[in-house]
file upload.json (JSON, C-alpha atoms and all ligand atoms)
[["chain", "number", "residue", "atom", "x", "y", "z"],
["A", 12, "MET", "CA", 12.18, 6.42, -21.04],
["A", 13, "LEU", "CA", 10.89, 3.40, -22.94],
["A", 14, "LEU", "CA", 7.12, 3.28, -23.20],
["A", 15, "ILE", "CA", 5.88, -0.29, -23.63],
["A", 16, "ASN", "CA", 2.34, -1.63, -23.86],
["A", 17, "ASN", "CA", 2.97, -4.98, -25.40],
["A", 18, "GLU", "CA", 4.08, -8.07, -23.47],
["A", 19, "LYS", "CA", 6.42, -9.37, -26.19],
["A", 20, "THR", "CA", 8.31, -6.08, -26.45],
["A", 21, "LEU", "CA", 8.52, -5.98, -22.65],
["A", 22, "SER", "CA", 10.10, -9.46, -22.48],
["A", 23, "ARG", "CA", 12.57, -8.59, -25.24],
["A", 24, "GLU", "CA", 13.67, -5.32, -23.60],
["A", 25, "ILE", "CA", 14.00, -7.01, -20.19],
["A", 26, "ASP", "CA", 16.24, -9.68, -21.77],
["A", 27, "ASN", "CA", 18.43, -6.93, -23.22],
["A", 28, "PHE", "CA", 18.73, -5.18, -19.85],
["A", 29, "ARG", "CA", 19.66, -8.45, -18.16],
["A", 30, "LYS", "CA", 22.34, -9.18, -20.76],
["A", 31, "SER", "CA", 23.94, -5.86, -19.84],
["A", 32, "GLY", "CA", 24.10, -7.03, -16.20],
["A", 33, "LYS", "CA", 21.45, -4.66, -14.82],
["A", 34, "LEU", "CA", 19.01, -5.45, -12.02],
["A", 35, "ILE", "CA", 15.31, -4.91, -12.68],
["A", 36, "ASN", "CA", 13.47, -2.94, -10.01],
["A", 37, "PHE", "CA", 9.71, -3.12, -10.61],
["A", 38, "ILE", "CA", 7.36, -0.49, -9.15],
["A", 39, "PRO", "CA", 3.66, -1.24, -9.80],
["A", 40, "THR", "CA", 1.22, 1.69, -9.58],
["A", 41, "MET", "CA", -2.28, 2.71, -10.61],
["A", 42, "GLY", "CA", -1.06, 6.09, -11.83],
["A", 43, "ASN", "CA", -2.10, 9.61, -10.83],
["A", 44, "LEU", "CA", 1.43, 9.80, -9.54],
["A", 45, "HIS", "CA", 2.41, 11.95, -6.56],
["A", 46, "SER", "CA", 5.43, 12.39, -4.29],
["A", 47, "GLY", "CA", 4.54, 9.17, -2.45],
["A", 48, "HIS", "CA", 5.06, 7.25, -5.69],
["A", 49, "SER", "CA", 8.20, 9.28, -6.46],
["A", 50, "SER", "CA", 9.75, 8.12, -3.18],
["A", 51, "LEU", "CA", 9.58, 4.58, -4.62],
["A", 52, "PHE", "CA", 11.24, 5.65, -7.87],
["A", 53, "LYS", "CA", 14.34, 7.10, -6.20],
["A", 54, "LYS", "CA", 17.32, 5.23, -7.46],
["A", 55, "SER", "CA", 19.47, 3.45, -4.91],
["A", 56, "GLU", "CA", 22.96, 4.79, -5.40],
["A", 57, "ASP", "CA", 24.90, 1.57, -5.06],
["A", 58, "LYS", "CA", 22.91, -0.44, -7.58],
["A", 59, "ASP", "CA", 22.90, -0.53, -11.31],
["A", 60, "GLU", "CA", 19.13, -0.77, -11.55],
["A", 61, "ILE", "CA", 16.60, -0.45, -14.31],
["A", 62, "ARG", "CA", 13.49, 1.09, -12.82],
["A", 63, "LEU", "CA", 10.38, -0.28, -14.48],
["A", 64, "VAL", "CA", 7.09, 1.37, -13.49],
["A", 65, "SER", "CA", 3.69, 0.01, -14.46],
["A", 66, "ILE", "CA", 0.51, 2.03, -14.55],
["A", 67, "PHE", "CA", -2.64, -0.06, -14.55],
["A", 68, "VAL", "CA", -5.97, 0.61, -12.85],
["A", 69, "ASN", "CA", -6.82, -3.00, -12.14],
["A", 70, "PRO", "CA", -10.62, -3.52, -12.23],
["A", 71, "LEU", "CA", -10.29, -6.78, -10.27],
["A", 72, "GLN", "CA", -9.25, -4.99, -7.11],
["A", 73, "PHE", "CA", -12.23, -2.62, -7.06],
["A", 74, "ASN", "CA", -15.32, -4.02, -5.42],
["A", 75, "ASP", "CA", -17.27, -0.87, -6.26],
["A", 76, "CYS", "CA", -17.83, 0.25, -9.90],
["A", 77, "ASN", "CA", -18.09, 3.93, -8.93],
["A", 78, "ASP", "CA", -14.73, 3.75, -7.18],
["A", 79, "PHE", "CA", -13.20, 2.20, -10.33],
["A", 80, "ASN", "CA", -14.83, 4.74, -12.68],
["A", 81, "ASN", "CA", -13.92, 7.73, -10.49],
["A", 82, "TYR", "CA", -10.31, 6.65, -9.89],
["A", 83, "PRO", "CA", -8.19, 9.58, -11.19],
["A", 84, "ARG", "CA", -6.43, 8.84, -14.48],
["A", 85, "THR", "CA", -3.77, 11.39, -15.49],
["A", 86, "LEU", "CA", -1.47, 9.60, -17.91],
["A", 87, "GLU", "CA", 0.06, 12.67, -19.58],
["A", 88, "SER", "CA", 1.18, 14.31, -16.32],
["A", 89, "ASP", "CA", 2.28, 10.90, -15.00],
["A", 90, "LYS", "CA", 4.60, 10.52, -18.00],
["A", 91, "LYS", "CA", 6.12, 13.94, -17.27],
["A", 92, "ARG", "CA", 6.79, 12.96, -13.66],
["A", 93, "LEU", "CA", 8.37, 9.67, -14.71],
["A", 94, "LEU", "CA", 10.62, 11.47, -17.20],
["A", 95, "ALA", "CA", 11.65, 13.97, -14.51],
["A", 96, "GLU", "CA", 12.43, 11.05, -12.17],
["A", 97, "THR", "CA", 14.50, 9.46, -14.98],
["A", 98, "VAL", "CA", 12.54, 6.22, -14.76],
["A", 99, "ASP", "CA", 13.79, 3.81, -17.44],
["A", 100, "VAL", "CA", 10.64, 1.95, -18.54],
["A", 101, "LEU", "CA", 6.91, 2.67, -18.31],
["A", 102, "PHE", "CA", 4.75, -0.41, -18.86],
["A", 103, "LEU", "CA", 1.13, 0.32, -19.76],
["A", 104, "PRO", "CA", -0.57, -3.06, -20.06],
["A", 105, "ASP", "CA", -3.58, -3.50, -22.27],
["A", 106, "ALA", "CA", -6.94, -3.88, -20.46],
["A", 107, "GLN", "CA", -7.21, -7.47, -21.73],
["A", 108, "ILE", "CA", -4.30, -8.51, -19.46],
["A", 109, "ILE", "CA", -6.92, -9.39, -16.83],
["A", 110, "ASN", "CA", -8.18, -12.23, -19.05],
["A", 111, "GLU", "CA", -4.87, -14.04, -18.65],
["A", 112, "LEU", "CA", -4.62, -14.10, -14.87],
["A", 113, "ARG", "CA", -4.09, -17.24, -12.80],
["A", 114, "PHE", "CA", -6.41, -18.28, -10.05],
["A", 115, "VAL", "CA", -5.02, -17.51, -6.59],
["A", 116, "SER", "CA", -6.26, -19.93, -3.95],
["A", 117, "SER", "CA", -5.86, -18.85, -0.34],
["A", 118, "LEU", "CA", -4.15, -15.71, 0.86],
["A", 119, "GLY", "CA", -4.71, -16.67, 4.51],
["A", 120, "LEU", "CA", -5.54, -14.52, 7.51],
["A", 121, "ILE", "CA", -3.82, -11.37, 6.26],
["A", 122, "SER", "CA", -6.31, -11.00, 3.41],
["A", 123, "ARG", "CA", -9.31, -11.51, 5.70],
["A", 124, "LYS", "CA", -8.53, -8.76, 8.21],
["A", 125, "LEU", "CA", -8.94, -4.95, 7.89],
["A", 126, "CYS", "CA", -9.74, -4.08, 4.22],
["A", 127, "GLY", "CA", -10.38, -7.79, 3.52],
["A", 128, "ILE", "CA", -13.56, -7.59, 5.60],
["A", 129, "ASP", "CA", -15.52, -5.05, 3.58],
["A", 130, "ARG", "CA", -13.61, -5.12, 0.26],
["A", 131, "SER", "CA", -14.51, -8.60, -0.80],
["A", 132, "GLY", "CA", -12.15, -9.97, -3.49],
["A", 133, "HIS", "CA", -9.85, -6.92, -3.31],
["A", 134, "PHE", "CA", -6.66, -8.71, -2.27],
["A", 135, "GLU", "CA", -7.35, -11.64, -4.61],
["A", 136, "GLY", "CA", -7.52, -9.04, -7.42],
["A", 137, "VAL", "CA", -4.23, -7.49, -6.26],
["A", 138, "ALA", "CA", -2.56, -10.92, -5.95],
["A", 139, "LYS", "CA", -3.66, -12.00, -9.44],
["A", 140, "ILE", "CA", -2.31, -8.94, -11.26],
["A", 141, "ILE", "CA", 0.93, -8.86, -9.26],
["A", 142, "LEU", "CA", 1.53, -12.55, -9.97],
["A", 143, "LYS", "CA", 1.03, -11.88, -13.67],
["A", 144, "PHE", "CA", 3.48, -8.95, -13.56],
["A", 145, "LEU", "CA", 6.05, -10.99, -11.60],
["A", 146, "ASP", "CA", 5.73, -13.80, -14.10],
["A", 147, "LEU", "CA", 6.19, -11.44, -17.04],
["A", 148, "ILE", "CA", 8.95, -9.22, -15.65],
["A", 149, "LYS", "CA", 10.74, -11.55, -13.20],
["A", 150, "PRO", "CA", 12.13, -8.51, -11.41],
["A", 151, "ASP", "CA", 15.09, -8.74, -9.03],
["A", 152, "ILE", "CA", 13.36, -6.23, -6.76],
["A", 153, "ILE", "CA", 9.78, -5.07, -6.31],
["A", 154, "THR", "CA", 9.40, -1.72, -4.55],
["A", 155, "LEU", "CA", 6.22, -1.08, -2.57],
["A", 156, "GLY", "CA", 4.93, 1.54, -0.14],
["A", 157, "GLU", "CA", 4.05, 0.95, 3.50],
["A", 158, "LYS", "CA", 1.05, 3.22, 2.91],
["A", 159, "ASP", "CA", -0.73, 0.08, 1.62],
["A", 160, "TYR", "CA", 0.66, -2.08, 4.39],
["A", 161, "GLN", "CA", -1.83, -4.95, 4.11],
["A", 162, "GLN", "CA", -1.18, -5.11, 0.36],
["A", 163, "LEU", "CA", 2.57, -5.22, 1.10],
["A", 164, "LEU", "CA", 2.01, -8.26, 3.34],
["A", 165, "VAL", "CA", -0.18, -9.96, 0.73],
["A", 166, "ILE", "CA", 2.48, -9.47, -1.96],
["A", 167, "LYS", "CA", 5.23, -10.73, 0.39],
["A", 168, "LYS", "CA", 3.06, -13.80, 1.05],
["A", 169, "ILE", "CA", 2.50, -14.67, -2.62],
["A", 170, "ILE", "CA", 6.22, -14.21, -3.33],
["A", 171, "LYS", "CA", 7.00, -16.65, -0.52],
["A", 172, "ASP", "CA", 4.20, -19.12, -1.36],
["A", 173, "PHE", "CA", 5.09, -19.25, -5.06],
["A", 174, "LYS", "CA", 8.84, -19.38, -4.25],
["A", 175, "ILE", "CA", 9.47, -16.32, -6.44],
["A", 176, "LYS", "CA", 13.03, -14.98, -6.24],
["A", 177, "THR", "CA", 12.09, -11.28, -6.26],
["A", 178, "LYS", "CA", 13.27, -9.26, -3.23],
["A", 179, "VAL", "CA", 10.71, -6.93, -1.64],
["A", 180, "LYS", "CA", 11.82, -3.40, -0.82],
["A", 181, "SER", "CA", 9.38, -1.27, 1.20],
["A", 182, "CYS", "CA", 9.35, 2.51, 1.62],
["A", 183, "PRO", "CA", 7.80, 4.58, 4.42],
["A", 184, "THR", "CA", 4.61, 6.57, 3.86],
["A", 185, "VAL", "CA", 5.08, 10.07, 2.46],
["A", 186, "ARG", "CA", 2.80, 12.66, 4.08],
["A", 187, "ASP", "CA", 1.86, 16.26, 3.34],
["A", 188, "LYS", "CA", 2.62, 19.13, 5.71],
["A", 189, "ASP", "CA", -0.51, 18.32, 7.73],
["A", 190, "GLY", "CA", 0.52, 14.68, 8.13],
["A", 191, "ILE", "CA", -2.06, 13.37, 5.63],
["A", 192, "ALA", "CA", -0.74, 10.31, 3.79],
["A", 193, "LEU", "CA", -0.46, 11.20, 0.09],
["A", 194, "SER", "CA", -2.98, 9.25, -1.95],
["A", 195, "SER", "CA", -4.45, 9.48, -5.44],
["A", 196, "ARG", "CA", -7.88, 9.50, -3.81],
["A", 197, "ASN", "CA", -7.18, 12.66, -1.75],
["A", 198, "LYS", "CA", -8.07, 14.93, -4.67],
["A", 199, "LEU", "CA", -11.55, 13.36, -4.86],
["A", 200, "LEU", "CA", -12.30, 14.95, -1.47],
["A", 201, "GLY", "CA", -12.18, 18.54, -2.76],
["A", 202, "LYS", "CA", -12.72, 20.99, 0.12],
["A", 203, "LYS", "CA", -13.35, 18.11, 2.53],
["A", 204, "ILE", "CA", -9.64, 17.24, 2.49],
["A", 205, "PHE", "CA", -9.40, 19.08, 5.84],
["A", 206, "LEU", "CA", -11.29, 16.15, 7.44],
["A", 207, "ALA", "CA", -8.46, 13.80, 6.45],
["A", 208, "ARG", "CA", -6.17, 15.70, 8.86],
["A", 209, "TYR", "CA", -7.95, 14.00, 11.75],
["A", 210, "ILE", "CA", -6.47, 10.66, 10.65],
["A", 211, "PRO", "CA", -2.76, 11.34, 11.42],
["A", 212, "THR", "CA", -3.80, 13.34, 14.49],
["A", 213, "VAL", "CA", -5.63, 10.33, 15.93],
["A", 214, "LEU", "CA", -2.88, 7.88, 14.95],
["A", 215, "LYS", "CA", -0.25, 10.06, 16.67],
["A", 216, "GLN", "CA", -2.44, 10.54, 19.75],
["A", 217, "ILE", "CA", -2.94, 6.78, 20.14],
["A", 218, "THR", "CA", 0.79, 6.18, 19.66],
["A", 219, "SER", "CA", 1.70, 8.69, 22.33],
["A", 220, "GLU", "CA", -0.90, 7.39, 24.79],
["A", 221, "ILE", "CA", 0.51, 3.87, 24.32],
["A", 222, "THR", "CA", 4.13, 4.88, 24.69],
["A", 223, "GLU", "CA", 3.46, 7.13, 27.68],
["A", 224, "GLY", "CA", 1.73, 4.47, 29.75],
["A", 225, "SER", "CA", -0.95, 1.86, 29.45],
["A", 226, "PHE", "CA", -3.69, 1.97, 26.82],
["A", 227, "GLU", "CA", -6.95, 0.07, 27.01],
["A", 228, "LEU", "CA", -8.21, -1.37, 23.73],
["A", 229, "HIS", "CA", -11.76, -0.14, 24.34],
["A", 230, "ARG", "CA", -10.40, 3.42, 24.01],
["A", 231, "LEU", "CA", -10.26, 2.83, 20.25],
["A", 232, "LYS", "CA", -14.06, 3.14, 20.28],
["A", 233, "TYR", "CA", -13.67, 6.66, 21.74],
["A", 234, "PHE", "CA", -11.38, 7.62, 18.83],
["A", 235, "LYS", "CA", -13.76, 6.11, 16.26],
["A", 236, "ASP", "CA", -16.66, 8.12, 17.71],
["A", 237, "TYR", "CA", -14.49, 11.23, 17.81],
["A", 238, "LEU", "CA", -13.68, 10.87, 14.09],
["A", 239, "GLU", "CA", -17.32, 10.28, 13.15],
["A", 240, "LYS", "CA", -18.43, 13.27, 15.24],
["A", 241, "SER", "CA", -15.78, 15.41, 13.52],
["A", 242, "GLY", "CA", -17.51, 14.92, 10.12],
["A", 243, "ILE", "CA", -15.92, 11.74, 8.80],
["A", 244, "ASP", "CA", -18.84, 9.65, 7.47],
["A", 245, "ARG", "CA", -17.60, 6.26, 8.53],
["A", 246, "VAL", "CA", -14.65, 4.64, 10.27],
["A", 247, "HIS", "CA", -14.46, 1.17, 8.72],
["A", 248, "TYR", "CA", -11.82, 0.04, 11.19],
["A", 249, "LEU", "CA", -9.34, 1.37, 13.71],
["A", 250, "GLU", "CA", -7.18, -1.45, 15.04],
["A", 251, "ILE", "CA", -3.81, -2.16, 16.61],
["A", 252, "LEU", "CA", -2.35, -5.39, 15.22],
["A", 253, "ASN", "CA", 0.89, -7.35, 15.06],
["A", 254, "GLU", "CA", 2.70, -5.95, 11.99],
["A", 255, "ILE", "CA", 4.12, -9.30, 10.92],
["A", 256, "ASN", "CA", 0.86, -11.21, 10.43],
["A", 257, "LEU", "CA", -1.99, -8.84, 11.39],
["A", 258, "SER", "CA", -2.94, -11.00, 14.35],
["A", 259, "SER", "CA", -4.38, -9.42, 17.50],
["A", 260, "LEU", "CA", -1.99, -8.41, 20.25],
["A", 261, "THR", "CA", -1.43, -10.93, 23.02],
["A", 262, "LYS", "CA", 0.79, -11.22, 26.08],
["A", 263, "VAL", "CA", 3.60, -12.29, 23.71],
["A", 264, "PRO", "CA", 5.42, -9.01, 22.90],
["A", 265, "CYS", "CA", 5.40, -7.92, 19.26],
["A", 266, "VAL", "CA", 5.97, -4.99, 16.94],
["A", 267, "SER", "CA", 2.66, -3.49, 15.98],
["A", 268, "ARG", "CA", 0.90, -0.89, 13.88],
["A", 269, "ILE", "CA", -2.29, 1.10, 14.11],
["A", 270, "PHE", "CA", -4.46, 0.62, 11.03],
["A", 271, "ILE", "CA", -7.35, 2.80, 9.93],
["A", 272, "ALA", "CA", -9.82, 3.04, 7.04],
["A", 273, "ILE", "CA", -12.42, 5.77, 6.78],
["A", 274, "SER", "CA", -14.85, 7.14, 4.19],
["A", 275, "ILE", "CA", -15.70, 10.74, 3.40],
["A", 276, "ASP", "CA", -18.40, 11.30, 0.73],
["A", 277, "GLY", "CA", -17.88, 7.72, -0.48],
["A", 278, "VAL", "CA", -14.09, 8.18, -0.83],
["A", 279, "ARG", "CA", -12.22, 5.55, 1.14],
["A", 280, "LEU", "CA", -8.87, 6.46, 2.69],
["A", 281, "ILE", "CA", -6.48, 4.14, 4.51],
["A", 282, "ASP", "CA", -3.47, 4.83, 6.70],
["A", 283, "ASN", "CA", -1.27, 3.08, 9.24],
["A", 284, "MET", "CA", 1.46, 3.99, 11.70],
["A", 285, "ARG", "CA", 4.11, 1.83, 13.28],
["A", 286, "ILE", "CA", 4.39, 2.01, 17.07],
["A", 287, "GLU", "CA", 8.07, 2.34, 17.83],
["A", 288, "SER", "CA", 7.92, 0.14, 20.94],
["A", 289, "VAL", "CA", 7.40, -3.59, 21.45],
["A", 290, "LEU", "CA", 3.90, -4.12, 22.86],
["A", 291, "ALA", "CA", 2.08, -6.80, 24.80],
["A", 292, "CYS", "CA", -1.64, -6.98, 25.59],
["A", 293, "SER", "CA", -3.28, -8.57, 28.63],
["A", 294, "LYS", "CA", -6.45, -10.69, 28.42],
["A", 295, "ASN", "CA", -8.54, -7.73, 29.56],
["A", 296, "GLY", "CA", -7.25, -5.55, 26.70],
["A", 297, "ILE", "CA", -4.59, -3.45, 28.40],
["A", 298, "ILE", "CA", -1.71, -2.69, 26.06],
["A", 299, "LYS", "CA", 1.67, -2.05, 27.64],
["A", 300, "VAL", "CA", 5.11, -1.23, 26.31],
["A", 301, "SER", "CA", 7.19, -4.31, 26.83],
["A", 302, "GLN", "CA", 10.41, -2.80, 25.56],
["A", 303, "LYS", "CA", 11.47, 0.38, 23.75],
["A", 304, "TYR", "CA", 13.53, 0.17, 20.57],
["B", 401, "LIG", "P1", -1.13, 3.02, -6.03],
["B", 401, "LIG", "O1", -0.82, 3.76, -7.28],
["B", 401, "LIG", "O2", -1.98, 3.77, -5.07],
["B", 401, "LIG", "O3", -1.62, 1.62, -6.28],
["B", 401, "LIG", "O4", 0.27, 2.85, -5.28],
["B", 401, "LIG", "C1", 1.39, 2.31, -5.92],
["B", 401, "LIG", "C2", 2.49, 2.15, -4.91],
["B", 401, "LIG", "O5", 2.79, 3.42, -4.32],
["B", 401, "LIG", "C3", 2.10, 1.21, -3.73],
["B", 401, "LIG", "O6", 3.20, 0.40, -3.40],
["B", 401, "LIG", "C4", 1.75, 2.19, -2.64],
["B", 401, "LIG", "O7", 1.91, 1.66, -1.34],
["B", 401, "LIG", "C5", 2.75, 3.30, -2.91],
["B", 401, "LIG", "N1", 2.27, 4.57, -2.31],
["B", 401, "LIG", "C6", 1.08, 5.16, -2.50],
["B", 401, "LIG", "N2", 0.98, 6.26, -1.73],
["B", 401, "LIG", "C7", 2.13, 6.36, -1.04],
["B", 401, "LIG", "C8", 2.65, 7.26, -0.05],
["B", 401, "LIG", "N3", 1.93, 8.30, 0.37],
["B", 401, "LIG", "N4", 3.87, 7.04, 0.46],
["B", 401, "LIG", "C9", 4.61, 5.97, 0.04],
["B", 401, "LIG", "N5", 4.19, 5.07, -0.87],
["B", 401, "LIG", "C10", 2.98, 5.27, -1.40]]
call {"tool": "encode", "arguments": {"input": "upload.json", "output": "structure tokens"}}
result
Amino acid sequence: MLLINNEKTLSREIDNFRKSGKLINFIPTMGNLHSGHSSLFKKSEDKDEIRLVSIFVNPLQFNDCNDFNNYPRTLESDKKRLLAETVDVLFLPDAQIINELRFVSSLGLISRKLCGIDRSGHFEGVAKIILKFLDLIKPDIITLGEKDYQQLLVIKKIIKDFKIKTKVKSCPTVRDKDGIALSSRNKLLGKKIFLARYIPTVLKQITSEITEGSFELHRLKYFKDYLEKSGIDRVHYLEILNEINLSSLTKVPCVSRIFIAISIDGVRLIDNMRIESVLACSKNGIIKVSQKY
């Protein structure tokens, strides 16, 4: 595995890979790698790909200093995992990379919903660093997880808006045996990790209530209260939205997802689940299955 922390060396090595006819598959991460990340590193069998992973805890996407300072950093064990996964290149940018970022104007509605409401500037921070990486690496493919679904939409939007040729590949969320979405922040919960189990339980319950019959939107409030009574400090949001553009459901049928963000002891966790039916919603908030897949 090549370890690169200098932009010039990165450009030179990428040129060499391209000359040998290889595709560049870029996988950006913030490190503290787990099996969720590893699912993105898996090599697709039919492609001659160079897998280039970056590890960078981007200060611009943290709106809370404590969150940034406490974010787990485990570079030595990350390197071991990347070697075991036979990743080709690890890019470790220098902290000063954030001084060279371009201004990103409007990210539209998708950056103002869900995490965009109470994490001011978060998606602008994500967009700026990803644009810089795309500019530097010019990857053929960028591989991202559906775990950060809103981020996935933001990155798809900047790629489209800036007419970048990179193809987006997305991978489903990897969960532990209790259904908890793997996340670098999970370890910050210590013994309170058991509370995170309520998240997939609630998402599955809502999904089954929707697919078994009608579901009234105001029932989401019941689930929020249930989570907060179970010991979760705060449910920041629990919403069912159109998965294409994060708009609210209407009578026009669409594919949707349930989105949730909660905090336990100041640790914020997010999750989402696709509803495997096409849904429509009446004016008085009754969601019905319009068609099964
Ligand atoms: P992060 O290091 O948290 O910024 O995540 C880097 C990439 O890994 C993002 O594209 C995430 O969506 C993805 N990722 C994180 N956790 C998971 C998971 N549990 N399953 C699948 N992908 C994940």
call {"tool": "atom_distance", "arguments": {"input": "upload.json", "atom1": "atom CA of Leu86 of chain A", "atom2": "atom CA of Met41 of chain A"}}
result
10.1 Å
call {"tool": "residues_near_ligand", "arguments": {"input": "upload.json", "ligand": "ligand LIG 401 (chain B)", "cutoff": "8 Å", "atoms": "only C-alpha atoms and all ligand atoms", "output": "VMD selection string"}}
result
chain A and resid 38 to 48 50 to 51 66 68 154 to 160 162 to 163 181 to 186 192 to 195
call {"tool": "atom_distance", "arguments": {"input": "upload.json", "atom1": "atom CA of Ile271 of chain A", "atom2": "atom CA of Ile152 of chain A"}}
result
28.1 Å
call {"tool": "atom_distance", "arguments": {"input": "upload.json", "atom1": "atom CA of Gly136 of chain A", "atom2": "atom CA of Glu254 of chain A"}}
result
22.2 Å
call {"tool": "residues_near_point", "arguments": {"input": "upload.json", "point": "(16.5, -2.7, -24.0)", "cutoff": "12 Å", "atoms": "all atoms listed in the file", "output": "list in words"}}
result
Met12, Leu13, Leu14, Ile15, Thr20, Leu21, Ser22, Arg23, Glu24, Ile25, Asp26, Asn27, Phe28, Arg29, Lys30, Ser31, Gly32, Lys33, Ile35, Ile61, Leu63, Asp99 and Val100 of chain A
call {"tool": "write_last_selection", "arguments": {"input": "upload.json", "atoms": "C-alpha atoms", "output": "mmCIF file, in the frame of the given file"}}
result
data_model
loop_
_atom_site.group_PDB
_atom_site.id
_atom_site.type_symbol
_atom_site.label_atom_id
_atom_site.label_comp_id
_atom_site.auth_asym_id
_atom_site.auth_seq_id
_atom_site.Cartn_x
_atom_site.Cartn_y
_atom_site.Cartn_z
ATOM 1 C CA MET A 12 12.180 6.420 -21.040
ATOM 2 C CA LEU A 13 10.890 3.400 -22.940
ATOM 3 C CA LEU A 14 7.120 3.280 -23.200
ATOM 4 C CA ILE A 15 5.880 -0.290 -23.630
ATOM 5 C CA THR A 20 8.310 -6.080 -26.450
ATOM 6 C CA LEU A 21 8.520 -5.980 -22.650
ATOM 7 C CA SER A 22 10.100 -9.460 -22.480
ATOM 8 C CA ARG A 23 12.570 -8.590 -25.240
ATOM 9 C CA GLU A 24 13.670 -5.320 -23.600
ATOM 10 C CA ILE A 25 14.000 -7.010 -20.190
ATOM 11 C CA ASP A 26 16.240 -9.680 -21.770
ATOM 12 C CA ASN A 27 18.430 -6.930 -23.220
ATOM 13 C CA PHE A 28 18.730 -5.180 -19.850
ATOM 14 C CA ARG A 29 19.660 -8.450 -18.160
ATOM 15 C CA LYS A 30 22.340 -9.180 -20.760
ATOM 16 C CA SER A 31 23.940 -5.860 -19.840
ATOM 17 C CA GLY A 32 24.100 -7.030 -16.200
ATOM 18 C CA LYS A 33 21.450 -4.660 -14.820
ATOM 19 C CA ILE A 35 15.310 -4.910 -12.680
ATOM 20 C CA ILE A 61 16.600 -0.450 -14.310
ATOM 21 C CA LEU A 63 10.380 -0.280 -14.480
ATOM 22 C CA ASP A 99 13.790 3.810 -17.440
ATOM 23 C CA VAL A 100 10.640 1.950 -18.540
#
call {"tool": "closest_residue", "arguments": {"input": "upload.json", "among": "A:Glu250, A:Asp89, A:Asp75, A:Glu96", "to": "His133 of chain A", "atoms": "only C-alpha atoms"}}
result
A:Asp75
call {"tool": "residues_around", "arguments": {"input": "upload.json", "residues": "segment 105-113 of chain A", "least_positions_apart": "3", "cutoff": "8 Å", "atoms": "all atoms listed in the file", "output": "list in words"}}
result
Asn16, Asn17, Asn69, Leu71, Lys139, Ile140, Leu142 and Lys143 of chain A
call {"tool": "residues_near_point", "arguments": {"input": "upload.json", "point": "(4.4, -4.1, 26.3)", "cutoff": "10 Å", "atoms": "only C-alpha atoms", "output": "ChimeraX atom specification"}}
result
/A:221-222,224-225,260-266,288-293,297-303
call {"tool": "residues_around", "arguments": {"input": "upload.json", "residues": "Lys178 of chain A", "least_positions_apart": "5", "cutoff": "12 Å", "atoms": "all atoms listed in the file", "output": "ChimeraX atom specification"}}
result
/A:34-37,145,149-155,166-168,170-171
call {"tool": "closest_residue", "arguments": {"input": "upload.json", "among": "A:Leu206, A:Val179, A:Ile217, A:Val165", "to": "Cys126 of chain A", "atoms": "only C-alpha atoms"}}
result
A:Val165
call {"tool": "closest_residue", "arguments": {"input": "upload.json", "among": "A:Arg84, A:Val98, A:Gln216, A:Phe79", "to": "Val64 of chain A", "atoms": "only C-alpha atoms"}}
result
A:Val98
call {"tool": "closest_residue", "arguments": {"input": "upload.json", "among": "A:Pro104, A:Gly201, A:Gly242, A:Gly127", "to": "Ile273 of chain A", "atoms": "all atoms listed in the file"}}
result
A:Gly242
call {"tool": "residues_around", "arguments": {"input": "upload.json", "residues": "Thr218 of chain A", "least_positions_apart": "3", "cutoff": "9 Å", "atoms": "only C-alpha atoms", "output": "number ranges by chain"}}
result
A: 213-215, 221-223, 269, 284-287
call {"tool": "residues_around", "arguments": {"input": "upload.json", "residues": "Leu199 of chain A", "least_positions_apart": "2", "cutoff": "9 Å", "atoms": "only C-alpha atoms", "output": "list in words"}}
result
Asn81, Tyr82, Pro83, Ser195, Arg196, Asn197, Gly201, Lys203, Ile204 and Val278 of chain A
